[in-house]
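Structure below is target-v2.txt: compact mmCIF, C-alpha atoms.
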# COMPACT_ATOMS: atom_id res chain seq x y z
CA MET A 495 17.11 0.49 21.56
CA GLN A 496 18.01 2.76 18.65
CA THR A 497 16.34 3.58 15.37
CA PRO A 498 18.41 2.46 12.35
CA ALA A 499 20.69 5.15 10.95
CA HIS A 500 19.94 7.00 7.73
CA PRO A 501 22.23 8.70 5.22
CA SER A 502 21.65 12.28 6.39
CA ALA A 503 23.93 13.56 9.14
CA GLU A 504 21.00 15.43 10.70
CA PRO A 505 18.76 13.23 12.86
CA ARG A 506 15.07 12.83 12.33
CA PRO A 507 12.99 14.38 15.14
CA LEU A 508 12.33 11.05 16.87
CA ASP A 509 15.53 9.15 16.10
CA GLY A 510 16.53 7.24 19.23
CA VAL A 511 12.95 7.06 20.55
CA THR A 512 11.57 3.54 21.02
CA VAL A 513 7.82 2.91 21.02
CA VAL A 514 6.13 -0.32 22.07
CA ALA A 515 2.54 -0.62 20.88
CA VAL A 516 -0.09 -3.20 21.76
CA GLU A 517 -2.46 -2.02 19.08
CA GLN A 518 -5.12 -2.97 16.58
CA ALA A 519 -7.45 -1.48 13.96
CA VAL A 520 -6.83 2.24 13.27
CA SER A 521 -6.63 4.64 16.22
CA ALA A 522 -3.41 3.43 17.90
CA PRO A 523 -1.74 2.13 14.70
CA PHE A 524 -2.28 5.43 12.89
CA ALA A 525 -0.86 7.34 15.88
CA THR A 526 2.26 5.19 16.07
CA ARG A 527 2.76 5.33 12.30
CA GLN A 528 3.20 9.09 12.64
CA LEU A 529 5.92 8.42 15.23
CA ALA A 530 7.61 5.88 12.94
CA ASP A 531 7.57 8.33 10.02
CA LEU A 532 9.44 10.83 12.23
CA GLY A 533 12.14 8.30 13.03
CA ALA A 534 10.94 6.42 16.10
CA ARG A 535 11.50 2.68 16.35
CA VAL A 536 7.98 1.22 16.72
CA ILE A 537 7.67 -2.36 17.95
CA LYS A 538 4.16 -3.54 17.15
CA VAL A 539 2.98 -6.36 19.42
CA GLU A 540 0.43 -8.61 17.69
CA ARG A 541 -1.38 -11.83 18.47
CA PRO A 542 0.28 -14.95 17.00
CA ASP A 543 -3.06 -16.19 15.65
CA GLY A 544 -3.65 -13.64 12.90
CA GLY A 545 -2.18 -10.52 14.46
CA ASP A 546 -3.82 -7.13 14.28
CA PHE A 547 -7.32 -7.93 13.03
CA ALA A 548 -7.06 -5.07 10.53
CA ARG A 549 -4.76 -7.41 8.56
CA GLY A 550 -7.91 -9.31 7.58
CA PHE A 551 -10.23 -6.47 6.61
CA ASP A 552 -9.61 -6.89 2.87
CA THR A 553 -6.92 -7.87 0.33
CA ALA A 554 -7.03 -4.75 -1.82
CA ALA A 555 -3.37 -3.71 -1.46
CA GLY A 556 -1.75 -6.45 -3.51
CA GLY A 557 -3.10 -9.08 -1.15
CA LEU A 558 -2.65 -7.01 2.02
CA ALA A 559 -5.42 -5.10 3.79
CA SER A 560 -5.73 -1.44 2.85
CA HIS A 561 -6.33 -0.35 6.47
CA PHE A 562 -3.20 -2.19 7.60
CA VAL A 563 -1.02 -0.77 4.82
CA TRP A 564 -2.26 2.75 5.60
CA CYS A 565 -1.47 2.57 9.32
CA ASN A 566 1.57 0.33 9.79
CA ARG A 567 4.52 1.20 7.62
CA GLY A 568 7.92 1.45 9.24
CA LYS A 569 7.15 -0.83 12.21
CA GLU A 570 8.62 -4.04 13.56
CA SER A 571 6.05 -6.80 14.10
CA VAL A 572 6.48 -9.09 17.10
CA ALA A 573 3.88 -11.84 17.53
CA VAL A 574 3.36 -12.57 21.25
CA ASP A 575 0.59 -14.31 23.21
CA LEU A 576 -0.20 -11.90 26.06
CA LYS A 577 -2.41 -14.49 27.73
CA ASP A 578 0.69 -16.56 28.48
CA PRO A 579 2.69 -15.16 31.43
CA ARG A 580 5.90 -15.67 29.47
CA GLY A 581 4.56 -13.58 26.59
CA LEU A 582 3.37 -10.84 28.92
CA GLY A 583 6.78 -10.90 30.57
CA LEU A 584 8.43 -10.32 27.20
CA VAL A 585 6.31 -7.24 26.57
CA ARG A 586 7.09 -5.88 30.01
CA ARG A 587 10.80 -6.30 29.29
CA LEU A 588 10.37 -4.36 26.07
CA VAL A 589 8.46 -1.61 27.87
CA ALA A 590 11.17 -1.30 30.53
CA ASP A 591 13.60 -0.16 27.84
CA ALA A 592 11.13 1.96 25.84
CA ASP A 593 10.35 5.67 25.75
CA VAL A 594 6.70 5.37 24.75
CA PHE A 595 3.98 2.74 25.16
CA VAL A 596 0.66 2.91 23.30
CA GLN A 597 -2.37 0.63 23.62
CA ASN A 598 -5.97 0.58 22.42
CA LEU A 599 -7.18 -2.75 23.78
CA ALA A 600 -10.80 -3.17 24.82
CA GLN A 601 -11.67 -1.16 27.93
CA GLY A 602 -10.24 -2.85 31.02
CA ALA A 603 -8.08 -5.37 29.15
CA ALA A 604 -4.84 -3.41 29.53
CA ALA A 605 -5.43 -2.89 33.25
CA ARG A 606 -5.99 -6.62 33.75
CA LEU A 607 -2.62 -7.25 32.09
CA GLY A 608 -0.87 -4.48 34.00
CA LEU A 609 -0.31 -2.61 30.74
CA ASP A 610 -2.45 0.45 31.46
CA ALA A 611 -0.74 3.83 31.47
CA ALA A 612 -1.06 4.46 35.20
CA THR A 613 0.51 1.13 36.16
CA LEU A 614 3.35 1.37 33.65
CA CYS A 615 4.22 4.99 34.46
CA ALA A 616 4.31 4.19 38.18
CA ALA A 617 6.89 1.50 37.45
CA HIS A 618 8.82 3.50 34.83
CA PRO A 619 8.79 7.25 35.63
CA ARG A 620 10.41 8.28 32.32
CA LEU A 621 7.90 6.35 30.23
CA VAL A 622 5.19 8.12 28.24
CA ALA A 623 2.23 5.71 28.20
CA VAL A 624 -0.91 6.25 26.15
CA ASP A 625 -4.34 4.73 26.72
CA ILE A 626 -6.67 5.15 23.73
CA SER A 627 -10.27 4.19 24.40
CA GLY A 628 -13.70 4.72 22.95
CA TYR A 629 -15.28 6.70 25.76
CA GLY A 630 -12.66 7.16 28.48
CA THR A 631 -12.00 5.28 31.70
CA GLY A 632 -15.01 6.47 33.68
CA GLY A 633 -18.66 7.27 33.17
CA PRO A 634 -21.61 5.17 32.01
CA TYR A 635 -20.17 4.54 28.53
CA ALA A 636 -16.71 3.37 29.63
CA HIS A 637 -17.27 -0.29 28.73
CA LYS A 638 -19.36 0.15 25.57
CA LYS A 639 -17.92 -1.13 22.31
CA ALA A 640 -16.61 1.84 20.38
CA TYR A 641 -16.21 1.19 16.69
CA ASP A 642 -15.64 4.26 14.54
CA MET A 643 -19.15 4.44 13.07
CA LEU A 644 -20.72 4.12 16.53
CA VAL A 645 -18.64 6.99 17.89
CA GLN A 646 -19.43 9.12 14.85
CA CYS A 647 -23.08 8.67 15.80
CA GLU A 648 -22.56 9.37 19.52
CA ALA A 649 -20.49 12.48 18.76
CA GLY A 650 -23.19 13.90 16.50
CA LEU A 651 -21.08 13.89 13.32
CA VAL A 652 -23.60 11.75 11.46
CA SER A 653 -26.40 14.15 12.40
CA VAL A 654 -24.75 17.02 10.51
CA THR A 655 -23.40 14.99 7.57
CA GLY A 656 -25.46 14.06 4.53
CA THR A 657 -28.52 15.49 2.83
CA ALA A 658 -31.64 17.01 4.35
CA GLU A 659 -33.34 13.63 3.90
CA GLN A 660 -30.53 11.26 4.90
CA PRO A 661 -27.82 11.47 7.57
CA VAL A 662 -24.64 9.58 6.66
CA LYS A 663 -21.37 8.69 8.35
CA ALA A 664 -18.15 10.23 7.13
CA GLY A 665 -16.49 8.24 4.35
CA VAL A 666 -13.26 7.93 6.38
CA PRO A 667 -12.95 6.69 10.00
CA ALA A 668 -13.11 10.17 11.49
CA ALA A 669 -13.33 9.10 15.14
CA ASP A 670 -10.33 6.80 14.80
CA ILE A 671 -8.31 9.46 12.99
CA ALA A 672 -9.20 12.15 15.53
CA ALA A 673 -8.13 9.94 18.44
CA ALA A 674 -4.94 8.94 16.62
CA MET A 675 -3.86 12.49 15.96
CA TYR A 676 -4.52 13.60 19.56
CA ALA A 677 -2.56 10.57 20.78
CA PHE A 678 0.28 11.51 18.42
CA SER A 679 0.36 15.13 19.57
CA GLY A 680 -0.05 14.01 23.19
CA VAL A 681 3.05 11.83 22.89
CA LEU A 682 5.04 14.70 21.42
CA ALA A 683 3.92 17.06 24.18
CA ALA A 684 4.76 14.49 26.87
CA LEU A 685 8.21 13.92 25.37
CA VAL A 686 8.86 17.67 25.43
CA ARG A 687 7.73 17.76 29.07
CA ARG A 688 10.02 14.82 29.86
CA GLY A 689 12.92 16.75 28.35
CA VAL A 690 12.27 19.50 30.90
CA THR A 691 11.26 17.51 33.99
CA GLY A 692 12.81 14.11 33.36
CA ARG A 693 9.44 12.42 33.85
CA GLY A 694 7.07 10.99 31.28
CA GLY A 695 3.57 10.18 32.45
CA PRO A 696 0.19 8.92 31.27
CA VAL A 697 -1.66 10.24 28.23
CA GLU A 698 -5.37 9.47 27.86
CA VAL A 699 -7.35 9.96 24.66
CA SER A 700 -10.95 8.93 24.00
CA MET A 701 -12.47 8.70 20.55
CA LEU A 702 -15.67 10.43 21.70
CA GLU A 703 -13.85 13.40 23.22
CA ALA A 704 -11.56 13.73 20.21
CA LEU A 705 -14.42 13.76 17.72
CA ALA A 706 -16.59 15.98 19.93
CA GLU A 707 -13.79 18.56 19.73
CA TRP A 708 -13.85 18.28 15.93
CA MET A 709 -17.58 19.06 16.04
CA GLY A 710 -16.58 22.65 16.88
CA HIS A 711 -18.72 24.77 14.55
CA PRO A 712 -21.96 22.77 14.61
CA LEU A 713 -21.59 22.05 18.34
CA HIS A 714 -21.12 25.70 19.28
CA HIS A 715 -23.74 26.82 16.78
CA GLY A 716 -26.23 24.47 18.38
CA MET A 717 -25.27 25.19 22.01
CA HIS A 718 -25.20 28.96 21.65
CA GLY A 719 -27.50 29.57 18.71
CA GLY A 720 -30.32 27.25 19.70
CA GLU A 721 -30.37 24.79 16.81
CA SER A 722 -27.99 22.56 14.89
CA PRO A 723 -26.96 23.55 11.35
CA ALA A 724 -29.05 21.84 8.71
CA ARG A 725 -27.63 18.97 6.65
CA THR A 726 -27.05 20.30 3.15
CA GLY A 727 -24.99 17.67 1.34
CA VAL A 728 -21.93 19.37 -0.11
CA ALA A 729 -23.66 22.74 0.05
CA HIS A 730 -22.98 25.21 2.86
CA ALA A 731 -25.76 25.77 5.37
CA VAL A 732 -25.43 29.57 5.50
CA ILE A 733 -23.52 30.58 2.35
CA ALA A 734 -24.76 30.60 -1.27
CA PRO A 735 -23.70 29.72 -3.85
CA TYR A 736 -21.53 27.07 -2.18
CA ASP A 737 -22.24 23.69 -3.76
CA ALA A 738 -21.27 21.21 -6.47
CA TYR A 739 -22.68 21.70 -9.96
CA ALA A 740 -22.77 19.32 -12.92
CA THR A 741 -20.73 20.21 -16.00
CA ALA A 742 -21.33 19.36 -19.64
CA ASP A 743 -18.99 16.37 -19.59
CA GLY A 744 -20.69 14.67 -16.63
CA ALA A 745 -18.24 15.82 -13.96
CA GLN A 746 -19.03 18.06 -10.99
CA VAL A 747 -17.31 21.26 -9.93
CA LEU A 748 -17.77 22.82 -6.51
CA LEU A 749 -17.53 26.57 -6.09
CA ALA A 750 -17.70 28.83 -3.06
CA VAL A 751 -18.65 32.49 -3.06
CA GLN A 752 -17.55 34.01 0.25
CA ASN A 753 -18.75 37.60 -0.15
CA ASP A 754 -20.80 39.90 -2.34
CA ARG A 755 -17.77 41.16 -4.31
CA GLU A 756 -17.10 37.59 -5.41
CA TRP A 757 -20.75 37.19 -6.37
CA ARG A 758 -20.43 40.21 -8.66
CA ARG A 759 -17.35 38.72 -10.36
CA LEU A 760 -19.08 35.35 -10.73
CA ALA A 761 -22.18 36.96 -12.27
CA GLU A 762 -20.20 39.14 -14.66
CA ARG A 763 -17.33 36.85 -15.69
CA VAL A 764 -18.64 33.28 -15.41
CA LEU A 765 -22.44 33.35 -15.50
CA GLY A 766 -22.50 36.01 -18.20
CA ARG A 767 -25.38 37.74 -16.36
CA PRO A 768 -24.01 40.97 -14.84
CA GLU A 769 -27.51 42.13 -13.94
CA LEU A 770 -27.62 39.48 -11.17
CA ALA A 771 -24.94 41.36 -9.23
CA ASP A 772 -27.42 44.10 -8.26
CA ASP A 773 -30.62 42.07 -8.36
CA PRO A 774 -32.10 42.35 -4.82
CA ARG A 775 -32.79 38.60 -4.84
CA PHE A 776 -29.05 37.89 -5.13
CA ALA A 777 -27.07 41.01 -4.20
CA THR A 778 -26.27 39.88 -0.64
CA ASN A 779 -25.44 36.51 0.85
CA THR A 780 -28.53 36.71 3.04
CA ALA A 781 -30.67 37.21 -0.07
CA ARG A 782 -28.90 34.46 -2.01
CA THR A 783 -29.35 32.03 0.84
CA ALA A 784 -33.05 32.93 1.12
CA ASN A 785 -33.33 32.38 -2.63
CA ARG A 786 -31.01 29.39 -2.76
CA ALA A 787 -32.99 27.49 -5.41
CA ALA A 788 -32.88 30.41 -7.86
CA THR A 789 -29.22 31.10 -7.04
CA ASP A 790 -28.25 27.49 -7.66
CA ALA A 791 -30.30 27.38 -10.85
CA ALA A 792 -28.42 30.34 -12.30
CA VAL A 793 -25.05 28.81 -11.48
CA ALA A 794 -26.07 25.34 -12.64
CA TRP A 795 -27.25 26.66 -16.01
CA ALA A 796 -23.93 28.39 -16.68
CA LEU A 797 -21.64 25.57 -15.54
CA GLY A 798 -23.79 22.99 -17.31
CA ARG A 799 -22.74 24.53 -20.62
CA LEU A 800 -19.00 24.10 -19.84
CA THR A 801 -16.74 21.10 -19.44
CA ALA A 802 -15.11 20.64 -16.04
CA ASP A 803 -11.80 21.96 -17.40
CA GLU A 804 -13.52 25.01 -18.88
CA ALA A 805 -15.47 25.66 -15.69
CA VAL A 806 -12.41 25.45 -13.44
CA THR A 807 -10.44 27.73 -15.77
CA ALA A 808 -13.23 30.32 -15.87
CA LEU A 809 -13.68 30.25 -12.10
CA ASP A 810 -9.94 30.48 -11.45
CA ASP A 811 -9.65 33.41 -13.86
CA ALA A 812 -12.48 35.17 -12.02
CA GLY A 813 -10.85 34.53 -8.63
CA ILE A 814 -13.66 32.26 -7.44
CA ALA A 815 -12.71 29.40 -5.13
CA CYS A 816 -13.45 26.09 -6.82
CA ALA A 817 -12.59 22.40 -6.82
CA ARG A 818 -13.35 19.30 -8.81
CA LEU A 819 -15.47 16.70 -7.05
CA ASN A 820 -12.78 14.05 -7.43
CA THR A 821 -13.05 10.30 -7.16
CA VAL A 822 -10.51 8.22 -5.22
CA ALA A 823 -8.84 7.39 -8.55
CA ASP A 824 -8.61 11.10 -9.31
CA VAL A 825 -6.82 11.72 -6.00
CA ALA A 826 -4.35 8.90 -6.70
CA ALA A 827 -3.49 10.70 -9.96
CA HIS A 828 -3.79 14.25 -8.58
CA PRO A 829 -1.44 16.60 -10.46
CA GLN A 830 -0.63 18.63 -7.32
CA LEU A 831 0.50 15.57 -5.37
CA SER A 832 2.59 14.46 -8.34
CA ALA A 833 4.10 17.90 -8.88
CA ARG A 834 5.14 18.06 -5.23
CA ASP A 835 6.63 14.54 -5.41
CA ARG A 836 4.46 13.25 -2.54
CA TRP A 837 4.44 9.56 -3.52
CA ARG A 838 6.93 6.89 -2.53
CA ASP A 839 7.22 3.15 -3.14
CA VAL A 840 7.37 1.27 0.18
CA GLY A 841 8.43 -2.31 0.75
CA SER A 842 6.04 -5.01 1.96
CA PRO A 843 5.73 -8.81 2.06
CA VAL A 844 3.98 -8.62 -1.34
CA GLY A 845 6.43 -6.23 -3.01
CA ARG A 846 6.57 -2.46 -3.41
CA LEU A 847 3.40 -0.50 -2.64
CA ARG A 848 2.68 3.16 -3.32
CA ALA A 849 2.20 5.41 -0.29
CA LEU A 850 1.91 9.12 0.44
CA LEU A 851 4.58 10.98 2.34
CA PRO A 852 3.27 12.17 5.73
CA PRO A 853 1.78 15.69 5.67
CA ILE A 854 4.38 17.01 8.15
CA THR A 855 7.24 18.37 6.06
CA LEU A 856 10.45 19.60 7.69
CA PRO A 857 12.29 21.49 4.93
CA GLY A 858 16.05 21.08 5.06
CA GLY A 859 15.88 18.06 7.34
CA PRO A 860 16.10 14.35 6.55
CA PRO A 861 13.14 12.75 4.76
CA ALA A 862 10.38 10.83 6.48
CA ARG A 863 11.47 7.26 7.09
CA MET A 864 8.73 5.52 5.07
CA GLY A 865 9.75 2.06 6.29
CA ALA A 866 8.33 -1.22 5.01
CA PHE A 867 5.00 -2.72 6.00
CA PRO A 868 5.80 -5.67 8.32
CA GLY A 869 4.68 -9.25 7.94
CA LEU A 870 3.14 -10.80 11.05
CA GLY A 871 5.94 -11.70 13.44
CA GLU A 872 8.58 -10.67 10.92
CA HIS A 873 10.79 -9.18 13.64
CA THR A 874 10.04 -11.52 16.53
CA GLU A 875 13.35 -13.36 16.31
CA ALA A 876 15.46 -10.20 16.09
CA VAL A 877 13.66 -8.57 19.01
CA LEU A 878 14.00 -11.68 21.20
CA LYS A 879 17.71 -11.79 20.41
CA SER A 880 17.99 -8.12 21.37
CA LEU A 881 16.61 -9.07 24.80
CA GLY A 882 19.49 -11.49 25.23
CA MET A 883 17.44 -14.67 24.96
CA SER A 884 19.33 -17.86 24.11
CA ASP A 885 18.62 -20.09 21.13
CA ASP A 886 17.00 -22.66 23.43
CA GLU A 887 14.77 -20.05 25.09
CA ARG A 888 13.59 -18.70 21.77
CA ALA A 889 12.98 -22.17 20.41
CA GLY A 890 10.96 -23.10 23.49
CA LEU A 891 8.73 -20.04 23.18
CA ARG A 892 8.05 -20.83 19.54
CA ARG A 893 7.40 -24.50 20.28
CA ASP A 894 4.84 -23.56 22.95
CA GLY A 895 3.13 -20.99 20.73
CA VAL A 896 4.02 -18.07 23.00
CA VAL A 897 5.59 -16.26 20.06
CA ALA A 898 5.40 -16.60 16.31
What do you get writing this file as structure tokens?
Amino acid sequence: MQTPAHPSAEPRPLDGVTVVAVEQAVSAPFATRQLADLGARVIKVERPDGGDFARGFDTAAGGLASHFVWCNRGKESVAVDLKDPRGLGLVRRLVADADVFVQNLAQGAAARLGLDAATLCAAHPRLVAVDISGYGTGGPYAHKKAYDMLVQCEAGLVSVTGTAEQPVKAGVPAADIAAAMYAFSGVLAALVRRGVTGRGGPVEVSMLEALAEWMGHPLHHGMHGGESPARTGVAHAVIAPYDAYATADGAQVLLAVQNDREWRRLAERVLGRPELADDPRFATNTARTANRAATDAAVAWALGRLTADEAVTALDDAGIACARLNTVADVAAHPQLSARDRWRDVGSPVGRLRALLPPITLPGGPPARMGAFPGLGEHTEAVLKSLGMSDDERAGLRRDGVVA
């Protein structure tokens, strides 16, 4: 099975690689979308009765679900009933000719179907097979439900996110994204290994272990320093000033002073109070942190007299790191993303939809594929034909509801 050709003579990194994915929600779909963007042919296996349940999360993207649009461009959708032996047989035929298989079914479900990584790699030594789970295959949590918010809690992310009064979950599915990106990099590493040894092999990723790794600073601070960092909203627990401050036009600008030289420049060139540079209450980061309320008050007073544009200009001119506290709408219109031409229009069953190019840029090479978002079962017929199935066989499977 080959990825469709593209105009450039130079291949994309994963052209010629075929991926079969029995996937749902975010973790596996986001991983395989990275592979599709790099040129892989991704065959997404979905249930005939509604498909990937992320299709039904909302209708915000022109009638399609925003989660689904985010995670599934460039794939072929095949609707197959895995509970029917004929449907399961179809998937096994697809896997036999694939380079990579990815699944994130509920714990134990893939093994019952014979679609777990160990079973598939034993049958197909060149296959790279990925099991994504919530908590891993062993241990007391192996069979617990593992939705993103639950894993954020178990991994301690919620405990260090939010204000002193209120812990909150991250505003994006951090556990799903962490697992997806380790699955993506695991596939790439396994493909490199296969190029050397000729053998693929299993790849296992758990959401808990992925997010626990991302807990690096607070985890090591707590383990080795004796206590977890305090929750401080958008402020920094041990650096001041490092927070968001309201401006005269109702916006908020975040600034970060990393050392005492920067504090002097901030005091002299933005706050208009050069005497604060040598004031013992503020002269060092330790002092500013101990006197955080007074430090923040001085900064807030100065920025509160400026518009956001004026504040950012003044901070940039003084060499102070700063950022606007943007809304989602602000990001969609971000001048840096526009200037770098990071947006593309991508096809879908409801027309063209705007999407970001993937963050991996390979200068001089062909562009990311940015394929269309598939309708449920849109490619079932073509894939069945590619397996050599006759018209009567395909019609029979559709009549019996094995495929859609």
Report as a tab-separated table (two decimals) with C-alpha atoms, in the frame of the given file all protein, DNA and RNA residues lying within 8 Å of Leu847 of chain A, evaluated on all atoms listed in the file, omitting residues in the same chain fewer than 5 positions from it.
chain	number	residue	atom	x	y	z
A	555	ALA	CA	-3.37	-3.71	-1.46
A	556	GLY	CA	-1.75	-6.45	-3.51
A	839	ASP	CA	7.22	3.15	-3.14
A	840	VAL	CA	7.37	1.27	0.18
A	841	GLY	CA	8.43	-2.31	0.75
A	842	SER	CA	6.04	-5.01	1.96
Name all residues at most 10 Å from Gly871 of chain A (count all atoms listed in the file; drop same-chain ones fewer than 6 positions away) and give them as a list in words.
->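 Contacts, in chain order: Lys538, Val539, Glu540, Arg541, Pro542, Gly544, Gly545, Glu570, Ser571, Val572, Ala573, Val574, Val897 and Ala898 of chain A.
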To one decimal in Å, tell me the separation between atom CA of Asp772 of chain A and atom CA of Gly813 of chain A.
->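 Result for atom CA of Asp772 of chain A versus atom CA of Gly813 of chain A: 19.1 Å, one decimal.
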Residue contacts of Trp757 of chain A (10 Å, only C-alpha atoms) excluding same-chain residues fewer than 2 positions away, as number ranges by chain = A: 734-735, 750-755, 759-763, 768, 770-772, 776-779, 782, 814
Shell of 9 Å around Arg863 of chain A, all atoms listed in the file, local chain residues under 3 positions omitted, as a ChimeraX atom specification = /A:500,506,530-533,568,860
Gap from atom CA of Ala548 of chain A to atom CA of Ala519 of chain A - Å, one decimal |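 Going from atom CA of Ala548 of chain A over to atom CA of Ala519 of chain A, I get 5.0 Å.
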Do a neighbour search on Ala658 of chain A at 8 Å with all atoms listed in the file, toss out local chain neighbours closer than 5 positions, and write the hits as a PDB file with C-alpha atoms, keeping the file's coordinate frame.
ATOM      1  CA  ALA A 724     -29.050  21.840   8.710  1.00  0.00           C
ATOM      2  CA  ARG A 725     -27.630  18.970   6.650  1.00  0.00           C
ATOM      3  CA  THR A 726     -27.050  20.300   3.150  1.00  0.00           C
ATOM      4  CA  GLY A 727     -24.990  17.670   1.340  1.00  0.00           C
TER       5      GLY A 727
END
Using the file's own x, y and z axes, what box holds all listed atoms of segment 768-778 of chain A with 4 Å on each side, keeping edges along x, y and z, and what are its centre and edge lengths in Å to one decimal, as JSON?
{"center_x": -28.4, "center_y": 41.0, "center_z": -7.7, "size_x": 16.8, "size_y": 14.2, "size_z": 22.2}
Find, counting all atoms listed in the file, the residue in A:Asp670, A:Asp552, A:Glu875, A:Glu698 that gets nearest to Gly632 of chain A.
->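 Once distances to Gly632 of chain A are computed over all atoms listed in the file, the minimum belongs to A:Glu698.
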Pick from A:Pro579, A:Ser700, A:Met675, A:His618 nearest to Gln601 of chain A, counting all atoms listed in the file = A:Ser700
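Ranking A:Glu721, A:Gly859, A:Pro523, A:Pro868 by their shortest atom-to-atom distance to Pro505 of chain A, with only C-alpha atoms included, puts A:Gly859 first.
Residue nearest Ala706 of chain A within the list A:Val666, A:Cys647, A:Ile537, A:Ala640: A:Cys647 [criterion: smallest interatomic distance, all atoms listed in the file].
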Would you mind putting back all heavy atoms on segment 795-800 of chain A, then writing it out as a compact mmCIF listing (two decimals), in the coordinates of the input?
# COMPACT_ATOMS: atom_id res chain seq x y z
N TRP A 795 -27.04 26.45 -14.56
CA TRP A 795 -27.25 26.66 -16.01
C TRP A 795 -25.94 27.03 -16.69
O TRP A 795 -25.59 26.50 -17.74
CB TRP A 795 -28.29 27.77 -16.23
CG TRP A 795 -28.57 28.00 -17.69
CD1 TRP A 795 -29.48 27.36 -18.47
CD2 TRP A 795 -27.91 28.96 -18.54
NE1 TRP A 795 -29.44 27.84 -19.76
CE2 TRP A 795 -28.48 28.82 -19.83
CE3 TRP A 795 -26.92 29.90 -18.35
CZ2 TRP A 795 -28.08 29.60 -20.92
CZ3 TRP A 795 -26.50 30.67 -19.43
CH2 TRP A 795 -27.09 30.52 -20.69
N ALA A 796 -25.18 27.94 -16.06
CA ALA A 796 -23.93 28.39 -16.68
C ALA A 796 -22.87 27.29 -16.70
O ALA A 796 -22.22 27.06 -17.72
CB ALA A 796 -23.41 29.62 -15.94
N LEU A 797 -22.68 26.60 -15.59
CA LEU A 797 -21.64 25.57 -15.54
C LEU A 797 -22.03 24.35 -16.36
O LEU A 797 -21.15 23.63 -16.87
CB LEU A 797 -21.35 25.16 -14.09
CG LEU A 797 -20.18 25.93 -13.43
CD1 LEU A 797 -20.45 27.41 -13.38
CD2 LEU A 797 -19.88 25.38 -12.05
N GLY A 798 -23.33 24.12 -16.51
CA GLY A 798 -23.79 22.99 -17.31
C GLY A 798 -23.48 23.12 -18.78
O GLY A 798 -23.57 22.14 -19.53
N ARG A 799 -23.09 24.31 -19.22
CA ARG A 799 -22.74 24.53 -20.62
C ARG A 799 -21.23 24.43 -20.84
O ARG A 799 -20.76 24.58 -21.98
CB ARG A 799 -23.23 25.92 -21.05
CG ARG A 799 -24.74 26.05 -20.97
CD ARG A 799 -25.18 27.51 -21.08
NE ARG A 799 -24.86 28.09 -22.38
CZ ARG A 799 -25.64 28.02 -23.45
NH1 ARG A 799 -26.80 27.39 -23.36
NH2 ARG A 799 -25.29 28.60 -24.58
N LEU A 800 -20.46 24.18 -19.77
CA LEU A 800 -19.00 24.10 -19.84
C LEU A 800 -18.53 22.72 -19.44
O LEU A 800 -19.17 22.02 -18.66
CB LEU A 800 -18.36 25.13 -18.89
CG LEU A 800 -18.77 26.60 -19.05
CD1 LEU A 800 -18.16 27.42 -17.92
CD2 LEU A 800 -18.31 27.12 -20.41
